[in-house]
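One file, model36.pdb, carrying PDB, C-alpha atoms:
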MODEL        1
ATOM      1  CA  MET C  30      20.191   6.740 -23.016
ATOM      2  CA  GLY C  31      20.016  10.085 -24.786
ATOM      3  CA  LEU C  32      20.735  13.082 -22.539
ATOM      4  CA  LEU C  33      21.072  11.031 -19.338
ATOM      5  CA  PRO C  34      24.594  10.374 -17.998
ATOM      6  CA  ASP C  35      26.067   7.027 -18.945
ATOM      7  CA  THR C  36      26.321   5.537 -15.447
ATOM      8  CA  GLU C  37      25.495   2.045 -14.210
ATOM      9  CA  TYR C  38      22.137   3.242 -12.855
ATOM     10  CA  PHE C  39      21.027   4.400 -16.319
ATOM     11  CA  GLN C  40      22.414   1.491 -18.359
ATOM     12  CA  VAL C  41      19.844  -0.857 -19.889
ATOM     13  CA  LYS C  42      20.021  -4.362 -18.407
ATOM     14  CA  LYS C  43      19.127  -7.745 -19.907
ATOM     15  CA  ASN C  44      15.480  -7.306 -18.863
ATOM     16  CA  GLY C  45      15.245  -4.355 -21.277
ATOM     17  CA  LEU C  46      15.146  -1.657 -18.607
ATOM     18  CA  SER C  47      17.685   0.398 -16.720
ATOM     19  CA  GLN C  48      17.506   0.590 -12.931
ATOM     20  CA  PHE C  49      16.253   4.172 -13.312
ATOM     21  CA  GLN C  50      13.480   3.118 -15.679
ATOM     22  CA  ASN C  51      12.508   0.184 -13.467
ATOM     23  CA  MET C  52      12.278   2.497 -10.452
ATOM     24  CA  SER C  53      10.262   5.035 -12.465
ATOM     25  CA  ALA C  54       7.822   2.311 -13.551
ATOM     26  CA  TYR C  55       7.333   1.205  -9.925
ATOM     27  CA  LEU C  56       6.685   4.797  -8.797
ATOM     28  CA  GLY C  57       4.314   5.463 -11.702
ATOM     29  CA  GLY C  58       2.372   2.287 -10.954
ATOM     30  CA  SER C  59       2.174   3.325  -7.310
ATOM     31  CA  CYS C  60       0.731   6.766  -8.223
ATOM     32  CA  PHE C  61      -1.861   5.130 -10.474
ATOM     33  CA  GLN C  62      -2.869   2.661  -7.760
ATOM     34  CA  THR C  63      -3.027   5.357  -5.057
ATOM     35  CA  ILE C  64      -5.459   7.553  -6.991
ATOM     36  CA  ILE C  65      -7.741   4.657  -7.974
ATOM     37  CA  ASP C  66      -7.970   2.891  -4.601
ATOM     38  CA  ASN C  67      -8.125   5.903  -2.238
ATOM     39  CA  PRO C  68     -11.927   5.816  -1.668
ATOM     40  CA  VAL C  69     -11.722   2.125  -0.724
ATOM     41  CA  THR C  70      -8.725   2.793   1.528
ATOM     42  CA  ALA C  71     -10.611   5.578   3.330
ATOM     43  CA  TYR C  72     -13.728   3.439   3.794
ATOM     44  CA  ARG C  73     -11.733   0.507   5.167
ATOM     45  CA  GLN C  74      -9.952   2.673   7.736
ATOM     46  CA  MET C  75     -13.292   4.021   8.966
ATOM     47  CA  VAL C  76     -14.777   0.530   9.278
ATOM     48  CA  GLN C  77     -11.806  -0.505  11.424
ATOM     49  CA  GLN C  78     -11.589   2.763  13.341
ATOM     50  CA  PHE C  79     -15.278   2.764  14.302
ATOM     51  CA  ALA C  80     -14.780  -0.462  16.244
ATOM     52  CA  LYS C  81     -15.332   1.771  19.299
ATOM     53  CA  ASP C  82     -17.873   4.542  19.810
ATOM     54  CA  LEU C  83     -17.021   8.009  21.105
ATOM     55  CA  LYS C  84     -17.337   6.731  24.697
ATOM     56  CA  GLY C  85     -14.816   3.937  24.063
ATOM     57  CA  ASN C  86     -17.319   1.065  23.972
ATOM     58  CA  ALA C  87     -16.898  -1.781  21.466
ATOM     59  CA  VAL C  88     -19.309  -1.573  18.535
ATOM     60  CA  ASP C  89     -20.727  -4.412  16.444
ATOM     61  CA  PRO C  90     -18.915  -4.634  13.051
ATOM     62  CA  LYS C  91     -22.243  -4.147  11.214
ATOM     63  CA  ILE C  92     -22.871  -0.861  13.035
ATOM     64  CA  ALA C  93     -19.300   0.294  12.346
ATOM     65  CA  SER C  94     -19.841  -0.422   8.657
ATOM     66  CA  GLN C  95     -23.123   1.517   8.689
ATOM     67  CA  GLU C  96     -21.414   4.512  10.322
ATOM     68  CA  ALA C  97     -18.679   4.494   7.675
ATOM     69  CA  LYS C  98     -21.287   4.358   4.906
ATOM     70  CA  ALA C  99     -23.184   7.242   6.521
ATOM     71  CA  ILE C 100     -20.085   9.436   6.310
ATOM     72  CA  PHE C 101     -19.627   8.600   2.622
ATOM     73  CA  TYR C 102     -23.311   9.312   1.915
ATOM     74  CA  LYS C 103     -23.061  12.667   3.727
ATOM     75  CA  ALA C 104     -19.760  13.827   2.203
ATOM     76  CA  PRO C 105     -18.821  11.455  -0.663
ATOM     77  CA  VAL C 106     -16.182  13.681  -2.272
ATOM     78  CA  SER C 107     -14.427  14.741   0.936
ATOM     79  CA  ALA C 108     -14.472  11.215   2.334
ATOM     80  CA  SER C 109     -13.204   9.686  -0.932
ATOM     81  CA  LEU C 110     -10.378  12.204  -1.254
ATOM     82  CA  SER C 111      -9.408  12.165   2.431
ATOM     83  CA  GLY C 112      -5.767  11.239   2.864
ATOM     84  CA  LEU C 113      -5.072  11.323  -0.884
ATOM     85  CA  GLY C 114      -2.686  14.285  -0.625
ATOM     86  CA  PRO C 115      -0.398  12.629   1.956
ATOM     87  CA  ARG C 116      -0.585   9.345   0.070
ATOM     88  CA  LEU C 117       0.524  10.944  -3.219
ATOM     89  CA  VAL C 118       3.302  12.848  -1.447
ATOM     90  CA  GLY C 119       4.059   9.529   0.218
ATOM     91  CA  VAL C 120       4.718   7.930  -3.165
ATOM     92  CA  GLY C 121       7.950   9.890  -2.988
ATOM     93  CA  PHE C 122       8.685   9.719   0.735
ATOM     94  CA  LYS C 123       7.441   6.139   1.158
ATOM     95  CA  ARG C 124       8.003   4.418  -2.155
ATOM     96  CA  VAL C 125      11.404   5.848  -3.101
ATOM     97  CA  PRO C 126      13.062   4.308   0.001
ATOM     98  CA  LYS C 127      11.038   1.083  -0.241
ATOM     99  CA  PHE C 128      11.409   0.505  -3.968
ATOM    100  CA  GLY C 129      14.949   1.898  -3.896
ATOM    101  CA  ILE C 130      16.017  -0.633  -1.277
ATOM    102  CA  LEU C 131      13.942  -3.384  -2.923
ATOM    103  CA  LEU C 132      15.333  -2.922  -6.429
ATOM    104  CA  GLY C 133      18.808  -2.018  -5.164
ATOM    105  CA  LEU C 134      19.058  -5.279  -3.217
ATOM    106  CA  SER C 135      17.639  -7.227  -6.163
ATOM    107  CA  TYR C 136      20.423  -5.911  -8.424
ATOM    108  CA  LEU C 137      23.084  -6.498  -5.732
ATOM    109  CA  LEU C 138      21.835 -10.082  -5.379
ATOM    110  CA  GLY C 139      22.009 -10.570  -9.150
ATOM    111  CA  GLU C 140      18.234 -10.674  -9.661
ATOM    112  CA  ASP C 141      18.301  -7.802 -12.210
ATOM    113  CA  GLY C 142      15.088  -6.236 -10.941
ATOM    114  CA  GLU C 143      13.208  -9.543 -10.566
ATOM    115  CA  VAL C 144      12.734  -9.113  -6.829
ATOM    116  CA  GLY C 145      12.972 -12.044  -4.411
ATOM    117  CA  ALA C 146      12.247 -12.716  -0.731
ATOM    118  CA  ALA C 147      15.586 -11.398   0.595
ATOM    119  CA  ALA C 148      15.167  -8.043  -1.166
ATOM    120  CA  ALA C 149      11.554  -7.826   0.055
ATOM    121  CA  MET C 150      12.592  -8.411   3.676
ATOM    122  CA  GLY C 151      15.374  -5.821   3.526
ATOM    123  CA  ALA C 152      13.064  -3.240   1.947
ATOM    124  CA  SER C 153      10.327  -3.806   4.554
ATOM    125  CA  ILE C 154      12.637  -3.174   7.505
ATOM    126  CA  GLY C 155      14.768  -0.436   5.956
ATOM    127  CA  SER C 156      11.869   1.659   4.642
ATOM    128  CA  ALA C 157       9.658   1.577   7.779
ATOM    129  CA  PRO C 158      11.030   4.829   9.326
ATOM    130  CA  PHE C 159      10.249   6.666   6.072
ATOM    131  CA  ILE C 160       6.806   5.155   5.518
ATOM    132  CA  ASN C 161       5.312   5.353   9.009
ATOM    133  CA  PRO C 162       5.097   9.183   9.373
ATOM    134  CA  ILE C 163       3.185   9.438   6.078
ATOM    135  CA  ARG C 164       0.748   6.688   7.090
ATOM    136  CA  MET C 165       0.259   8.375  10.463
ATOM    137  CA  ILE C 166      -0.589  11.730   8.832
ATOM    138  CA  GLU C 167      -2.885  10.007   6.321
ATOM    139  CA  LYS C 168      -4.855   8.251   9.087
ATOM    140  CA  GLN C 169      -4.970  11.343  11.298
ATOM    141  CA  GLN C 170      -6.626  13.263   8.451
ATOM    142  CA  ARG C 171      -9.598  10.868   8.592
ATOM    143  CA  ALA C 172      -9.468  10.026  12.300
ATOM    144  CA  PHE C 173     -11.987  12.626  13.495
ATOM    145  CA  PHE C 174     -14.284  12.756  10.470
ATOM    146  CA  LYS C 175     -17.213  11.400  12.512
ATOM    147  CA  GLU C 176     -16.931  14.135  15.149
ATOM    148  CA  THR C 177     -16.087  17.121  12.935
ATOM    149  CA  GLY C 178     -17.358  16.108   9.490
ATOM    150  CA  ALA C 179     -14.137  17.434   7.972
ATOM    151  CA  ILE C 180     -10.572  16.380   7.140
ATOM    152  CA  LYS C 181      -7.993  17.358   9.745
ATOM    153  CA  PRO C 182      -5.482  19.777   8.131
ATOM    154  CA  ILE C 183      -1.951  18.459   7.630
ATOM    155  CA  SER C 184      -0.512  21.653   9.159
ATOM    156  CA  GLU C 185      -2.416  20.986  12.391
ATOM    157  CA  ILE C 186      -1.219  17.369  12.503
ATOM    158  CA  VAL C 187       2.415  18.394  11.987
ATOM    159  CA  ARG C 188       2.110  21.187  14.563
ATOM    160  CA  GLU C 189       0.738  18.786  17.198
ATOM    161  CA  ALA C 190       3.491  16.246  16.394
ATOM    162  CA  ALA C 191       6.175  18.957  16.588
ATOM    163  CA  ALA C 192       5.049  19.793  20.143
ATOM    164  CA  LYS C 193       6.111  16.238  21.071
ATOM    165  CA  ASN C 194       9.356  16.261  19.053
ATOM    166  CA  PHE C 195       7.614  14.405  16.173
ATOM    167  CA  THR C 196       7.696  11.084  18.071
ATOM    168  CA  PRO C 197       3.917  10.519  17.526
ATOM    169  CA  LEU C 198       4.613  10.174  13.791
ATOM    170  CA  PHE C 199       6.313   6.850  14.533
ATOM    171  CA  ARG C 200       3.363   5.242  16.284
ATOM    172  CA  GLY C 201       2.545   1.872  14.734
ATOM    173  CA  THR C 202       6.017   1.223  13.276
ATOM    174  CA  ILE C 203       6.213  -2.344  14.631
ATOM    175  CA  PRO C 204       2.980  -3.625  13.019
ATOM    176  CA  LEU C 205       3.893  -1.650   9.900
ATOM    177  CA  ILE C 206       7.102  -3.671   9.436
ATOM    178  CA  GLY C 207       5.095  -6.913   9.518
ATOM    179  CA  HIS C 208       2.464  -5.423   7.208
ATOM    180  CA  SER C 209       5.118  -4.144   4.807
ATOM    181  CA  LEU C 210       6.916  -7.506   4.752
ATOM    182  CA  ALA C 211       3.711  -9.400   3.908
ATOM    183  CA  SER C 212       2.889  -6.772   1.279
ATOM    184  CA  ALA C 213       6.319  -7.090  -0.345
ATOM    185  CA  LEU C 214       6.434 -10.901  -0.281
ATOM    186  CA  LEU C 215       2.902 -11.431  -1.583
ATOM    187  CA  GLY C 216       2.302  -8.284  -3.616
ATOM    188  CA  LEU C 217       5.711  -7.433  -5.094
ATOM    189  CA  VAL C 218       7.217 -10.937  -5.284
ATOM    190  CA  GLY C 219       4.321 -13.400  -5.388
ATOM    191  CA  GLN C 220       1.833 -11.602  -7.644
ATOM    192  CA  PRO C 221       4.212 -11.001 -10.609
ATOM    193  CA  LYS C 222       5.381 -14.630 -10.513
ATOM    194  CA  LEU C 223       1.819 -15.904 -10.341
ATOM    195  CA  GLN C 224       0.765 -13.557 -13.149
ATOM    196  CA  LYS C 225       3.638 -14.841 -15.289
ATOM    197  CA  TRP C 226       2.477 -18.438 -14.674
ATOM    198  CA  VAL C 227      -1.157 -17.561 -15.430
ATOM    199  CA  LYS C 228      -0.085 -15.811 -18.626
ATOM    200  CA  GLU C 229       1.962 -18.812 -19.760
ATOM    201  CA  GLU C 230      -0.499 -21.532 -18.748
ATOM    202  CA  VAL C 231      -3.869 -19.827 -19.207
ATOM    203  CA  GLY C 232      -3.293 -16.717 -21.302
ATOM    204  CA  ALA C 233      -1.579 -18.590 -24.143
ATOM    205  CA  LYS C 234      -4.523 -20.995 -24.457
ATOM    206  CA  THR C 235      -7.340 -18.469 -24.037
ATOM    207  CA  GLN C 236      -5.784 -15.272 -25.458
ATOM    208  CA  LEU C 237      -6.465 -13.433 -22.197
ATOM    209  CA  SER C 238      -4.942  -9.956 -21.997
ATOM    210  CA  GLY C 239      -2.206  -8.998 -19.558
ATOM    211  CA  PHE C 240      -4.763  -6.993 -17.565
ATOM    212  CA  VAL C 241      -7.036 -10.036 -17.115
ATOM    213  CA  THR C 242      -4.158 -12.355 -16.156
ATOM    214  CA  GLY C 243      -3.023  -9.725 -13.660
ATOM    215  CA  LEU C 244      -6.540  -9.521 -12.245
ATOM    216  CA  ILE C 245      -6.634 -13.321 -11.859
ATOM    217  CA  ALA C 246      -3.260 -13.345 -10.103
ATOM    218  CA  SER C 247      -4.307 -10.506  -7.783
ATOM    219  CA  SER C 248      -7.577 -12.296  -6.968
ATOM    220  CA  VAL C 249      -5.613 -15.380  -5.883
ATOM    221  CA  VAL C 250      -2.985 -13.520  -3.847
ATOM    222  CA  SER C 251      -5.296 -10.930  -2.235
ATOM    223  CA  PRO C 252      -7.296 -13.162   0.175
ATOM    224  CA  ILE C 253      -4.025 -14.599   1.545
ATOM    225  CA  TYR C 254      -2.523 -11.122   1.817
ATOM    226  CA  VAL C 255      -5.565  -9.670   3.615
ATOM    227  CA  PHE C 256      -5.838 -12.658   5.978
ATOM    228  CA  VAL C 257      -2.217 -12.071   7.034
ATOM    229  CA  THR C 258      -2.264  -8.265   7.147
ATOM    230  CA  ASN C 259      -5.773  -7.410   8.384
ATOM    231  CA  PRO C 260      -4.957  -7.912  12.101
ATOM    232  CA  LEU C 261      -1.752  -5.878  11.601
ATOM    233  CA  SER C 262      -3.754  -3.183   9.848
ATOM    234  CA  ARG C 263      -6.127  -3.100  12.835
ATOM    235  CA  LEU C 264      -3.177  -2.529  15.165
ATOM    236  CA  GLU C 265      -1.934   0.315  12.964
ATOM    237  CA  VAL C 266      -5.350   1.977  12.903
ATOM    238  CA  ILE C 267      -5.745   1.693  16.694
ATOM    239  CA  MET C 268      -2.272   3.128  17.355
ATOM    240  CA  GLN C 269      -2.369   5.867  14.688
ATOM    241  CA  THR C 270      -5.884   7.289  15.153
ATOM    242  CA  SER C 271      -5.620   8.230  18.828
ATOM    243  CA  LYS C 272      -5.163  11.943  19.524
ATOM    244  CA  ILE C 273      -1.597  13.097  18.968
ATOM    245  CA  ASP C 274      -1.712  15.385  22.012
ATOM    246  CA  GLY C 275      -3.189  12.572  24.109
ATOM    247  CA  LYS C 276      -1.838   9.323  25.512
ATOM    248  CA  ALA C 277      -0.213   7.052  22.924
ATOM    249  CA  ILE C 278      -1.516   3.497  22.513
ATOM    250  CA  GLY C 279       1.300   0.931  22.493
ATOM    251  CA  VAL C 280       1.489  -2.402  20.662
ATOM    252  CA  ILE C 281       0.513  -4.469  23.711
ATOM    253  CA  GLU C 282      -2.459  -2.216  24.511
ATOM    254  CA  ALA C 283      -3.584  -2.358  20.876
ATOM    255  CA  CYS C 284      -3.322  -6.177  20.906
ATOM    256  CA  LYS C 285      -5.453  -6.260  24.064
ATOM    257  CA  GLU C 286      -8.078  -4.119  22.342
ATOM    258  CA  VAL C 287      -8.226  -6.526  19.384
ATOM    259  CA  ALA C 288      -8.392  -9.485  21.812
ATOM    260  CA  ASN C 289     -11.316  -7.889  23.684
ATOM    261  CA  ASP C 290     -12.999  -7.226  20.347
ATOM    262  CA  SER C 291     -12.662 -10.923  19.451
ATOM    263  CA  LYS C 292     -14.111 -11.978  22.815
ATOM    264  CA  LYS C 293     -17.207  -9.881  22.226
ATOM    265  CA  PHE C 294     -17.718 -10.381  18.486
ATOM    266  CA  GLY C 295     -15.612 -13.477  17.637
ATOM    267  CA  LEU C 296     -13.678 -13.550  14.384
ATOM    268  CA  ARG C 297     -15.810 -10.687  13.066
ATOM    269  CA  GLY C 298     -14.119  -8.507  15.668
ATOM    270  CA  VAL C 299     -10.599  -9.583  14.700
ATOM    271  CA  PHE C 300     -11.178  -9.318  10.961
ATOM    272  CA  ARG C 301     -13.123  -6.058  10.743
ATOM    273  CA  GLY C 302     -12.813  -4.737   7.202
ATOM    274  CA  GLN C 303     -11.727  -8.129   5.836
ATOM    275  CA  GLY C 304     -14.222  -8.146   2.957
ATOM    276  CA  ILE C 305     -13.502  -4.613   1.802
ATOM    277  CA  GLY C 306      -9.818  -5.344   2.420
ATOM    278  CA  ILE C 307      -9.862  -8.183  -0.123
ATOM    279  CA  ALA C 308     -11.626  -5.958  -2.670
ATOM    280  CA  LYS C 309      -9.072  -3.202  -2.014
ATOM    281  CA  ALA C 310      -6.137  -5.601  -2.336
ATOM    282  CA  ILE C 311      -7.377  -6.948  -5.673
ATOM    283  CA  LEU C 312      -7.914  -3.409  -6.983
ATOM    284  CA  SER C 313      -4.624  -2.078  -5.585
ATOM    285  CA  LEU C 314      -2.429  -4.946  -6.756
ATOM    286  CA  THR C 315      -3.973  -5.000 -10.229
ATOM    287  CA  MET C 316      -3.727  -1.222 -10.719
ATOM    288  CA  PHE C 317      -0.162  -1.049  -9.366
ATOM    289  CA  HIS C 318       1.203  -3.869 -11.506
ATOM    290  CA  GLN C 319      -0.681  -2.806 -14.629
ATOM    291  CA  GLY C 320       0.607   0.745 -14.260
ATOM    292  CA  ARG C 321       4.117  -0.607 -13.679
ATOM    293  CA  ILE C 322       3.898  -2.967 -16.669
ATOM    294  CA  TRP C 323       2.487  -0.293 -19.009
ATOM    295  CA  LEU C 324       5.302   2.103 -18.121
ATOM    296  CA  GLY C 325       7.905  -0.663 -18.318
ATOM    297  CA  ASP C 326       6.706  -1.667 -21.792
ATOM    298  CA  ALA C 327       6.820   1.979 -22.921
ATOM    299  CA  PHE C 328      10.415   2.259 -21.681
ATOM    300  CA  LYS C 329      11.345  -0.974 -23.505
ATOM    301  CA  VAL C 330       9.886   0.344 -26.765
ATOM    302  CA  TYR C 331      11.937   3.517 -26.293
ATOM    303  CA  ASN C 332      15.100   1.498 -25.611
ATOM    304  CA  ILE C 333      14.575  -0.652 -28.713
ATOM    305  CA  LYS C 334      14.031   2.418 -30.907
ATOM    306  CA  ASN C 335      17.080   4.070 -29.374
ATOM    307  CA  GLY C 336      19.221   0.975 -30.027
ATOM    308  CA  ASP C 337      19.917   0.368 -26.332
ATOM    309  CA  PHE C 338      18.125  -2.981 -26.207
ATOM    310  CA  VAL C 339      17.669  -5.861 -28.627
ATOM    311  CA  PRO C 340      14.992  -8.427 -27.688
ATOM    312  CA  ALA C 341      16.261 -12.021 -27.447
ATOM    313  CA  GLU C 342      14.060 -13.195 -30.324
ATOM    314  CA  GLU C 343      15.687 -10.664 -32.656
ATOM    315  CA  LYS C 344      19.269 -11.636 -31.823
TER     316      LYS C 344
ENDMDL
END
Please go through the file and, once you have read it, give me the structure as structure tokens.
Amino acid sequence: MGLLPDTEYFQVKKNGLSQFQNMSAYLGGSCFQTIIDNPVTAYRQMVQQFAKDLKGNAVDPKIASQEAKAIFYKAPVSASLSGLGPRLVGVGFKRVPKFGILLGLSYLLGEDGEVGAAAAMGASIGSAPFINPIRMIEKQQRAFFKETGAIKPISEIVREAAAKNFTPLFRGTIPLIGHSLASALLGLVGQPKLQKWVKEEVGAKTQLSGFVTGLIASSVVSPIYVFVTNPLSRLEVIMQTSKIDGKAIGVIEACKEVANDSKKFGLRGVFRGQGIGIAKAILSLTMFHQGRIWLGDAFKVYNIKNGDFVPAEEK
């Protein structure tokens, strides 16, 4: 592969990509998705976070949604960009371990980059310690927007965490593992397989583009994904938006808070942010996979021109 060393990691496999190129495509798709879906991500966190008012009283989901909208109306740019810096940095700190473990296991299991359930499970557990601190910092940046009207500086968040030996950065790790597992199984394993089926069964008959078939697949997977992960996302938000220098909220306490919310507001309390969550999941999955596919196709074209890969139909 040109100037790159001729090691196993850089050798082109039967899928037309090397492990390095496959990893690069995953990271590029993740950057693309992160930039596009950040405003929706910020809005969803606020809808879930504003489940309680400043006095700690439960708030009707409609009022919480109105408060989140008010913040976006007042400071649309700041609110939309809040948490984007940590998320983009997190593409390295979060995605390299996750995708590295995911794709590494897939190659060890003989899947050649076509990830399966076993690789997804291993990646979800193994990457959690790397992912959680970034998610904590991201949520802390937006956590006090309603009170201050501004993003909390990363330096202040890190300084407060350092005063407690950085242990606050690992709040919410347990629900994160469940969230990450559902995300990997449905988003990284299920969506590509469903898109491939849609492309073969529907795309061939209707001449739909890869983007449209991906959108269809994401629209099918997303409601299932959000139904499974929304309660876990609520637990993360509850545990990660409390003050770092204050008392930490544990998993059991967070579960009790969600249970009390459901008693007062029914399923609307449990599934706060469900609607916007589905919209976010469709957008995120589609943008991630399209970015990944576009980069993967570009790498394949390069490999063909360089003589490193010969498509099956040309053999």
Notebook entry, point to check: If you apply the PyMOL selection byres ((chain C and resi 48) around 9) to this file, what residues do you get, as a ChimeraX atom specification?
Noted result: /C:37-42,46-47,49-53,132-133,136,141-142
Next item on the list: Just give me the gap between CA of Asp337 (chain C) and CA of Thr36 (chain C) in Å, one decimal is fine.
Entry: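 These atoms are spaced 13.6 Å apart.
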Next item on the list: Tell me, as a list in words, which residues lie within 7 Å of Ser111 (chain C), counting only C-alpha atoms; anything in the same chain fewer than 6 positions away does not count.
Entry: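 The filter keeps Ala71, Gln170, Arg171 and Ile180 of chain C.
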Next item on the list: In Å, rounded to a single decimal, give me how far CA of Leu198 (chain C) is from CA of Asp89 (chain C).
Entry: 29.4 Å
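In this comparison, which uses all atoms listed in the file, the residue of C:Ala149, C:Ile278, C:Leu137, C:Ile130 approaching Phe199 (chain C) most closely is C:Ile278.
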Next item on the list: Do a neighbour search on region 154-159 of chain C at 6 Å with only C-alpha atoms, toss out local chain neighbours closer than 3 positions, and write the hits as a PyMOL selection string.
Entry: chain C and resi 123+126-127+151+206
Note to self: As an exercise, work out the distance from CA of Lys293 (chain C) to CA of Ala99 (chain C) in Å and give it to one decimal place.
What the structure shows: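 Separating CA of Lys293 (chain C) from CA of Ala99 (chain C) is a distance of 24.0 Å.
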Notebook entry, point to check: Which is closest to Lys309 (chain C) among C:Gly279, C:Pro68, C:Gly57, C:Pro182, if we use all atoms listed in the file?
Noted result: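 Answer, going by the shortest atom-to-atom distance: C:Pro68.
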Next item on the list: Please identify all polymer residues within 10 Å of Gln62 (chain C), counting all atoms listed in the file, omitting same-chain residues fewer than 3 positions from it, and present them as a VMD selection string.
Entry: chain C and resid 56 to 59 65 to 67 312 to 321
Set out as a Markdown table a contact list for region 143-209 of chain C and region 115-119 of chain C with a cut-off of 8 Å, giving each residue of region 143-209 of chain C that qualifies its closest atom pair and distance in Å to one decimal, counting all atoms listed in the file, ordered by chain and rising residue number.
| residue | atom | partner | partner_atom | distance |
| --- | --- | --- | --- | --- |
| C:Ile160 | CA | C:Gly119 | CA | 7.4 |
| C:Ile163 | CA | C:Gly119 | CA | 5.9 |
| C:Arg164 | CA | C:Arg116 | CA | 7.6 |
| C:Ile166 | CA | C:Pro115 | CA | 6.9 |
| C:Glu167 | CA | C:Pro115 | CA | 5.7 |
Item checked: Selection result of the PyMOL selection byres ((chain C and resi 262) around 9) on this file, as a list in words -> Gln74, Gln77, Pro204, Leu205, His208, Thr258, Asn259, Pro260, Leu261, Arg263, Leu264, Glu265, Val266 and Ile267 of chain C
Keeping only C-alpha atoms, write the selected residues to a file as a tab-separated table (two decimals), keeping the file's coordinate frame.
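What follows is the written file part.tsv:
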chain	number	residue	atom	x	y	z
C	74	GLN	CA	-9.95	2.67	7.74
C	77	GLN	CA	-11.81	-0.50	11.42
C	204	PRO	CA	2.98	-3.62	13.02
C	205	LEU	CA	3.89	-1.65	9.90
C	208	HIS	CA	2.46	-5.42	7.21
C	258	THR	CA	-2.26	-8.26	7.15
C	259	ASN	CA	-5.77	-7.41	8.38
C	260	PRO	CA	-4.96	-7.91	12.10
C	261	LEU	CA	-1.75	-5.88	11.60
C	263	ARG	CA	-6.13	-3.10	12.84
C	264	LEU	CA	-3.18	-2.53	15.16
C	265	GLU	CA	-1.93	0.32	12.96
C	266	VAL	CA	-5.35	1.98	12.90
C	267	ILE	CA	-5.74	1.69	16.69
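Minimum atom-to-atom distance to Glu286 (chain C), evaluated using all atoms listed in the file, belongs to C:Ala80 out of C:Met75, C:Ile322, C:Ala54, C:Ala80.
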Next item on the list: Could you state which residues are captured by the PyMOL selection byres ((chain C and resi 303) around 10) in this file, as an MDAnalysis selection string?
Entry: chainID C and resid 73 76:77 252 255:256 258:260 297 299:302 304:309
Same residues, C-alpha atoms, saved as a PDB file, in the coordinates of the input:
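Okay, selection.pdb is ready:
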ATOM      1  CA  ARG C  73     -11.733   0.507   5.167  1.00  0.00           C
ATOM      2  CA  VAL C  76     -14.777   0.530   9.278  1.00  0.00           C
ATOM      3  CA  GLN C  77     -11.806  -0.505  11.424  1.00  0.00           C
ATOM      4  CA  PRO C 252      -7.296 -13.162   0.175  1.00  0.00           C
ATOM      5  CA  VAL C 255      -5.565  -9.670   3.615  1.00  0.00           C
ATOM      6  CA  PHE C 256      -5.838 -12.658   5.978  1.00  0.00           C
ATOM      7  CA  THR C 258      -2.264  -8.265   7.147  1.00  0.00           C
ATOM      8  CA  ASN C 259      -5.773  -7.410   8.384  1.00  0.00           C
ATOM      9  CA  PRO C 260      -4.957  -7.912  12.101  1.00  0.00           C
ATOM     10  CA  ARG C 297     -15.810 -10.687  13.066  1.00  0.00           C
ATOM     11  CA  VAL C 299     -10.599  -9.583  14.700  1.00  0.00           C
ATOM     12  CA  PHE C 300     -11.178  -9.318  10.961  1.00  0.00           C
ATOM     13  CA  ARG C 301     -13.123  -6.058  10.743  1.00  0.00           C
ATOM     14  CA  GLY C 302     -12.813  -4.737   7.202  1.00  0.00           C
ATOM     15  CA  GLY C 304     -14.222  -8.146   2.957  1.00  0.00           C
ATOM     16  CA  ILE C 305     -13.502  -4.613   1.802  1.00  0.00           C
ATOM     17  CA  GLY C 306      -9.818  -5.344   2.420  1.00  0.00           C
ATOM     18  CA  ILE C 307      -9.862  -8.183  -0.123  1.00  0.00           C
ATOM     19  CA  ALA C 308     -11.626  -5.958  -2.670  1.00  0.00           C
ATOM     20  CA  LYS C 309      -9.072  -3.202  -2.014  1.00  0.00           C
TER      21      LYS C 309
END
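Close contacts of region 210-220 of chain C, defined as residues with an atom at most 7 Å away when counting only C-alpha atoms, with chain neighbours fewer than 6 positions off set aside, comprise C:Val144, C:Gly145, C:Ala146, C:Ala149, C:Met150, C:Ser153, C:Ala246, C:Ser247, C:Val250, C:Tyr254, C:Thr258, C:Leu314.
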Check: Using all atoms listed in the file, which residue out of C:Ser94, C:Ser251, C:Thr177, C:Thr270 lies closest to Pro197 (chain C)?
Finding: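 Nearest candidate to Pro197 (chain C) out of C:Ser94, C:Ser251, C:Thr177, C:Thr270: C:Thr270.
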Next item on the list: Rank nothing, just name the residue among C:Phe79, C:Met268, C:Ile273, C:Ser209 nearest to Leu131 (chain C), using all atoms listed in the file.
Entry: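 When distances to Leu131 (chain C) are compared using all atoms listed in the file, the smallest one comes from C:Ser209.
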Next item on the list: Rank nothing, just name the residue among C:Leu296, C:Phe338, C:Asn289, C:Val227 nearest to Asn86 (chain C), using all atoms listed in the file.
Entry: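 That would be C:Asn289, the residue with the smallest distance to Asn86 (chain C).
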First collect every listed atom of region 164-167 of chain C; then fit an axis-aligned box around them, widen it by 5 Å on each side, and give centre and edge lengths in Å to one decimal, as lines of an AutoDock Vina configuration file.
center_x = -1.1
center_y = 9.2
center_z = 8.4
size_x = 13.6
size_y = 15.0
size_z = 14.1
